[in-house]
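Trainee: I have a structure I would like to understand better, so I am pasting it below and will then ask my questions one at a time.
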Amino acid sequence: MDRKIGVFVCHCGINIASTVDVNTLVNYAKTLDGVVVSKDYKYMCSDVGATLIKDAIKKHKLDGVVIACCSPRMHEHTFRGVVEAGGINAFNLEIANVREQCSWAHEDKTRATEKAKALVRGAVAKAKLLESLETSKIDVNPDALVIGGGIAGIQSALDLAEEGHKVYLVEQRPTIGGRMAQLDKTFPTLDCSGCILTPKMMEVANHPNIELLTYAEVTGIEGSIGNYTVTVNKKARYVDMDKCTGCGDCVEACRLKGRITSEFDEGMGKRSAIYLSFPQAVPLKCTIDKDHCLMLTRGKCGTGPLCVDACEAGAIDFKQKDKAVELNVGAIVVTTGYDIMDPSTLHEYGYARSNDVITTMQMERLINSSGPTGGEIVRPSTGEKPKSITYVLCVGSRDETACAWCCRIGCMSALKQVYLLKEKCGDDVEINVCYTDIRSFGKGYEEFYRKIRGMNTNFFRGRPSEVRNAGVHLTIDIFDTITNKLFEISTDLVVLVPALIPRTNADELARTLRVSTSADGFFLEAHPKLRPMDTFTGGIFIAGCCQGPKDIQDSVAQASGAAARAATILSKKELEAEPMVSFVEEELCSGCSSCIAVCAYNAIDLVKREDGKSHAKVNEALCMGCGACVGSCPSGAMQQKGFKDKQLIPMVDETISS
Amino acid sequence: MMKKYALYPGCVMSTEQYAYELSLRAVLPKLDIELVGLNGFSCCGEPLKSVNQMLTLALSARNLAIAEKEKLDVFAPCPVCHLAFSECKKIVDSDPAMNEKVNAFLKDEELHYMGTAEVVTTLDLLHDIVGVETITKLVKKPLKEMKVATHYGCHLIRPTEIGRVDDAENPQKMETILKAIGAEPMDYPEKLDCCGGLLTANHPESALTKTGQKLQKVQEQNFDAFIDICPWCHRQYDSKQKKAGETVAAKLEVPVLYLTQLLGLSFGIPKDKLGLDLNLSPVNKLAMVGEG
Amino acid sequence: MSIVDLTSMGEVQTQLRKEINERLARLQDEHSDYCFQCAKCTSGCEAHKLLELEPHRMVALLKRGLIDEMMNSDVIWACMSCFKCRERCPQKVAPVEILFALKNLAVASGKQIPGNYTAWLQSVLSIGLLQEVKSVSTRDNKTKTRADLGLPDASKPTDPMKFQTMLSKLAVEKV
């Protein structure tokens with residue numbers, strides 16, 4: 001039966017029309033076999049364009065539509081809706097991308113128009129062979145998984161739980177709270193970080209819909225949007241969570257007390273082998289560090305483990321093992337946060353050479369009254385009060401040889417600490433700030449910067465070349481571009497504001513979840529402006545610093561946004577699955593399993609027939625339509641709906657014909 | 001297993017820094033390195049880069065071409081020459097137009113630059129090619145914890161972009177070798193400061209000020225010796241130490257030795273073979289040099 | 001349309017700036033446009049304290065196209081090529097190489113070459129080396145020559161005429 005194809009050419013303003021001669025294209029399309037109508041319009045994706053197409057379908061009784069426009073990634077979804085509204089099955093649509101792959105890639109108008117003609121020619125050839133397809137429905141699991149228990153993860157989890165979904169919150173540390181728990185105050189309001197964080201942590205602990213899995217890591221994932229099966233490894237704490245009361249007697253008693261570098265204190269303090277990260281930890285349960293505990297590393301601890309003696313609840317259990325659990329969820333929100341660049345990579349700043357050169361996070365631990373010095377500001381080398389503190393901003397940031405990006409929070413964190421130090425030490429301490437730019441962009445930030453300028457702080461505009469040891473002190477030469485003078489600063493304590501980088505295990509997690517990362521290693525958003533919490537993987541969303549450095553309020557905003565995005569899936573009973581899945585022509589299949597080997601989604605199984613022969617079978621719910629199996633199939637038994645060989649080959653032939 | 005190199009001495013070592021050459025010729029054969037002398041070399045051109053970089057590129061290329069003709073790799077003990085050759089290779093090997101241009105000039109002397117010669121200098125030859133293990137085996141007179149300050153100089157370790165011989169901010173290869181021969185190298189804040197050598201062309205007093213300022217700091221920190229590995233630097237710190245002291249109004253009495261001289265002493269090589277009487281700084285303050 | 005520096009009445013030298021940028025891109029893959037004036041180079045410049053060289057300012061003047069001001073100054077000759085600026089710049093700018101370009105341009109445009117450079121050039125022209133082979137003094141004031149020390153003669157160009165021919169052609173060549 002002869003199909004009736006309609007061709008619709010979009011100008012896309014001047015994006016297509018300034019390089020491709022749309023009139024020629026429209027007239028050319030009319031000459032193609034099967035084409036009964038050919039029209040153009042400035043913005044085919046608009047209401048007017050949609051009406052144009054729908055009317056044409058009805059008037060000419062079209063059964064196939066070709067739209068020459070932008071990338072299918074942009075509007076294929078929109079146009080499918082239009083075609084369906086016009087009265088024919090949505091999958092009788094073929095898009096010829098004459099923008100990204102033609103007008104935007106070329107300058108020569110004549111040749112670009114010829115190329116556009118070829119693309120349309122091929123699209124028409126395929127359109128004549130398209131078949132109606134029905135979307136299948138997949139059931140949606142209404143539960144959610146949030147990976148990462150910092151403030152972003154906490155916010156997402158609470159939002160989803162409040163909407164009535166069961167939420168699993170997986171956190172790799174023994175407690176939730178993340179970076180915010182390490183801070184003293186937050187900018188610009190100078191709220192006590194712990195005071196605003198811990199109520200949320202308690203809400204998570206008490207929420208009936210949230211199941212907290214701490215000291216646990218995601219190790220594997222199967223399935224797809226609406227139905228994920230996630231394997232989580234719950235690491236052994238060697239403490240029975242049901243018995244432990246968090247009293248901390250074991251921590252005091254530990255033979256290694258004060259001997260192990262504390263990660264929570266960023267190396268500024270020490271802890272025991274059995275520990276509570278901080279007094280408000282959620283869950284308030286102790287954990288044994290298996291890399292240092294004498295019982296676990298050597299099999300014996302002196303005459304006997306002192307923690308066991310001290311524990312009245314009898315909660316210590318050295319026989320505990322890691323445990324794998326499987327979670328079934330419909331959507332996932334990733335909120336795994338950031339790491340801090342090690343400033344010793346910029347050796348010239350002396351971080352490795354002097355104990356009195358520290359990072360902002362280390363200074364935050366000194367400022368915090370529950371930190372290693374009880375809130376006393378001291379020089380790590382002498383334990384005495386410093387008379388002069390100098391901040392160096394942008395250490396490793398905006399640096400093509402380290403991290404090209406701005407860390408976004410460095411300026412405000414430094415200014416905040418200047419305020420807190422002035423509050424604690426008054427004018428007894430001289431504070432210098434060496435900056436390249438002060439980025440105080442947010443609400444209330446500029447007011448805060450003004451306040452600090454009024455607090456007797458010495459601002460130097462420039463980046464020092466090095467921090468030099470000078471006997472008891474440190475010296476920094478800095479050329480101040482504001483006064484055009486070179487200053488030599490003799491100082492007691494240098495605080496470096498280091499770059500913020502992706503977590504060291506971000507790459508691994510990205511591969512496990514099959515989520516892309518951008519060139520800087522942070523997780524990649526589907527669109528930087530319009531889809532900042534989506535990823536290219538259906539059902540997986542990102543929020544907070546794992547997507548890129550940002551402050552607490554932006555992290556919280558993104559977290560709520562990601563929860564809302566996840567809820568658009570979880571609130572549905574079923575989703576429509578893309579019908580462009582693979583399928584097997586069983587008579588042609590020899591059961592060689594090449595397809596199974598290349599399928600990244602474990603969507604293909606081998607089934608045995610009654611006659612003993614095996615053939616492949618595609619699980620449509622898991623199939624992502626990547627087509628790798630089709631490419632691998634030696635017999636042509638594996639085909640993909642909407643992209644069958646018998647549809648593609650004529651398309652190719654027509655495209656390359658002259 | 002003998003490794004052979006064409007010795008490209010450079011101007012400063014050829015015309016006045018003889019202690020460096022003597023110590024190299026004494027030490028390297030013990031490490032199975034053979035140095036082949038070739039005729040025809042000229043200045044590498046690096047000190048003339050300020051005048052005309054084309055001159056520098058062509059001069060470097062012609063010297064490399066001379067060694068390539070004999071199918072030899074090049075050993076350039078002077079880091080300034082080593083930088084000239086490294087930058088020449090980087091630019092000329094990657095840019096066919098420049099390659100053609102340079103070779104057009106070399107035609108006058110019937111030379112052709114191919115880019116086949118590897119170029120090494122003293123530090124990578126000792127540390128990377130010979131290896132610290134081999135050096136340790138040859139130590140007969142360990143230096144008994146002599147407290148030494150290492151001076152790498154600028155051209156040896158910067159700019160990293162061209163590929164240098166040790167880390168630009170935390171070089172440790174000299175330290176590794178010195179520890180192997182029994183010395184005690186200590187870090188000091190001025191370690192990466194420049195000697196000022198190349199300023200001698202047009203600001204000789206400032207050059208001496210740079211030299212004097214660094215030596216003053218080294219002296220204040222009670223080092224037994226100051227160890228360098230570049231003839232430009234050594235000329236400043238050793239040959240001109242007295243003048244440098246006058247320039248900064250300080251009495252400087254810092255023993256300054258080439259790394260190869262100290263190496264030779266630890267191997268038990270006699271003092272006169274290492275050119276130690278040519279050091280104008282008070283090297284006889286050191287027990288190993290003073291006695292006998 | 002014009003941009004004029006009111007302190008010197010100097011106009012933007014777009015052509016010369018283009019020429020210098022092209023040379024920097026070709027030889028060092030350097031793009032001084034990216035400088036954001038953090039002055040890390042000047043903060044660590046070995047020639048700054050003694051000779052007031054401000055590498056970041058040289059880059060800024062280049063960006064503004066005020067080339068003559070730099071070529072006519074003495075300060076561009078104060079650089080001791082320690083390469084710290086190139087090493088530590090966070091935007092991959094190499095002020096040291098900009099200075100080499102300015103010095104080369106100054107020489108090519110007929111400005112007087114300062115200090116010893118002329119003597120060095122003349123020596124290289126006549127014997128291939130920066131200076132003649134010297135006798136040196138020992139610590140106890142004896143004089144020694146290369147021969148006294150058992151060292152072979154210094155290596156020099158085998159055919160001085162051909163070497164000089166090459167050099168004189170090179171002298172007027174731009175890199």
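Naming works like this for the structure tokens: A, B, ... for the chains as they're shown, residue 1 at the start of each chain, ligands 1 onward in shown order.
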Would you list the contacts of Met186 of chain B as a short mmCIF file (atom, residue, chain, number, x, y, z; two decimals) with N, CA and C atoms, in the first residue's frame, taking every protein, DNA or RNA residue within 12 Å and counting only C-alpha atoms, but skipping same-chain residues closer than 5 positions in sequence?

Mentor:
data_model
loop_
_atom_site.label_atom_id
_atom_site.label_comp_id
_atom_site.auth_asym_id
_atom_site.auth_seq_id
_atom_site.Cartn_x
_atom_site.Cartn_y
_atom_site.Cartn_z
N GLU B 145 77.48 12.07 57.57
CA GLU B 145 76.42 13.01 57.92
C GLU B 145 76.79 14.46 57.71
N MET B 146 77.50 14.72 56.64
CA MET B 146 77.81 16.10 56.29
C MET B 146 76.49 16.80 55.98
N LYS B 147 76.25 17.93 56.66
CA LYS B 147 74.96 18.62 56.48
C LYS B 147 75.08 19.50 55.22
N VAL B 148 74.33 19.15 54.18
CA VAL B 148 74.48 19.85 52.91
C VAL B 148 73.17 20.51 52.46
N ALA B 149 73.36 21.64 51.79
CA ALA B 149 72.24 22.34 51.16
C ALA B 149 72.32 22.08 49.67
N THR B 150 71.24 21.58 49.07
CA THR B 150 71.26 21.32 47.62
C THR B 150 70.79 22.56 46.87
N HIS B 151 71.45 22.82 45.74
CA HIS B 151 71.01 23.91 44.88
C HIS B 151 70.81 23.34 43.47
N GLN B 172 64.05 16.13 44.50
CA GLN B 172 64.68 15.29 45.53
C GLN B 172 65.77 14.38 45.01
N MET B 174 68.82 14.99 43.87
CA MET B 174 70.15 15.23 44.47
C MET B 174 70.17 14.71 45.89
N GLU B 175 69.08 14.95 46.63
CA GLU B 175 69.00 14.48 48.01
C GLU B 175 69.18 12.97 48.08
N THR B 176 68.52 12.25 47.14
CA THR B 176 68.61 10.80 47.14
C THR B 176 70.04 10.34 46.94
N LEU B 178 72.77 12.14 47.48
CA LEU B 178 73.61 12.57 48.60
C LEU B 178 73.42 11.67 49.82
N LYS B 179 72.18 11.24 50.04
CA LYS B 179 71.96 10.33 51.18
C LYS B 179 72.70 9.02 50.94
N LYS B 191 65.69 27.16 49.09
CA LYS B 191 66.20 26.11 48.19
C LYS B 191 65.99 26.40 46.71
N VAL B 218 72.11 30.56 53.67
CA VAL B 218 72.64 29.20 53.83
C VAL B 218 73.64 29.17 54.98
N GLN B 221 72.19 29.13 58.40
CA GLN B 221 71.58 27.87 58.82
C GLN B 221 72.61 26.77 59.05
N ASN B 222 73.89 27.20 59.12
CA ASN B 222 74.96 26.27 59.55
C ASN B 222 75.11 25.00 58.72
N PHE B 223 75.03 25.15 57.41
CA PHE B 223 75.28 23.99 56.56
C PHE B 223 76.79 23.76 56.46
N ASP B 224 77.20 22.50 56.28
CA ASP B 224 78.61 22.20 56.09
C ASP B 224 79.03 22.54 54.66
N ALA B 225 78.12 22.33 53.72
CA ALA B 225 78.49 22.59 52.32
C ALA B 225 77.25 22.90 51.49
N PHE B 226 77.50 23.57 50.38
CA PHE B 226 76.45 23.96 49.44
C PHE B 226 76.76 23.24 48.13
N ILE B 227 75.83 22.41 47.69
CA ILE B 227 76.12 21.54 46.55
C ILE B 227 75.32 21.98 45.34
#

Trainee: With segment 5-20 of chain C as the partner and 10 Å as the cut-off, tabulate the residues of segment 88-171 of chain C that qualify, each row holding the nearest pair of atoms and their distance in Å to one decimal, using only C-alpha atoms, sorted by chain and rising number, as a tab-separated table.

Mentor:
residue	atom	partner	partner_atom	distance
C:Ile98	CA	C:Ile20	CA	7.8
C:Ala101	CA	C:Ile20	CA	6.8
C:Leu102	CA	C:Ile20	CA	8.1
C:Leu105	CA	C:Ile20	CA	9.0

Trainee: Please save C-alpha atoms of the selected residues as a compact mmCIF listing (two decimals), in the first residue's frame.

Mentor:
# COMPACT_ATOMS: atom_id res chain seq x y z
CA ILE C 98 56.50 37.38 26.45
CA ALA C 101 59.50 38.18 22.46
CA LEU C 102 59.65 41.85 23.48
CA LEU C 105 61.48 42.76 18.90

Trainee: Quick one: everything within 8 Å of segment 66-81 of chain B, counting only C-alpha atoms, minus sequence neighbours fewer than 5 positions away in the same chain. Send it as a count of residues only.

Mentor: 30

Trainee: From the set A:Cys589, A:Cys192, A:Leu622, A:Ala470, which residue has the shortest atom-to-atom contact distance to chain B, counting only C-alpha atoms?

Mentor: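 Ranking A:Cys589, A:Cys192, A:Leu622, A:Ala470 by distance to chain B, first place goes to A:Ala470.
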
Trainee: Got a sec: who's within 7 Å of segment 378-391 of chain A, counting only C-alpha atoms, leaving out chain neighbours fewer than 3 positions off, as a list of chain:residue names?

Mentor: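 What passes the distance filter is A:Asn355, A:Asp356, A:Asp428, A:Val429, A:Glu430, A:Ile431, A:Asn432, A:Val433, A:Cys434, A:Thr491, A:Asp492, A:Leu493, A:Val494, A:Val495, A:Leu496.
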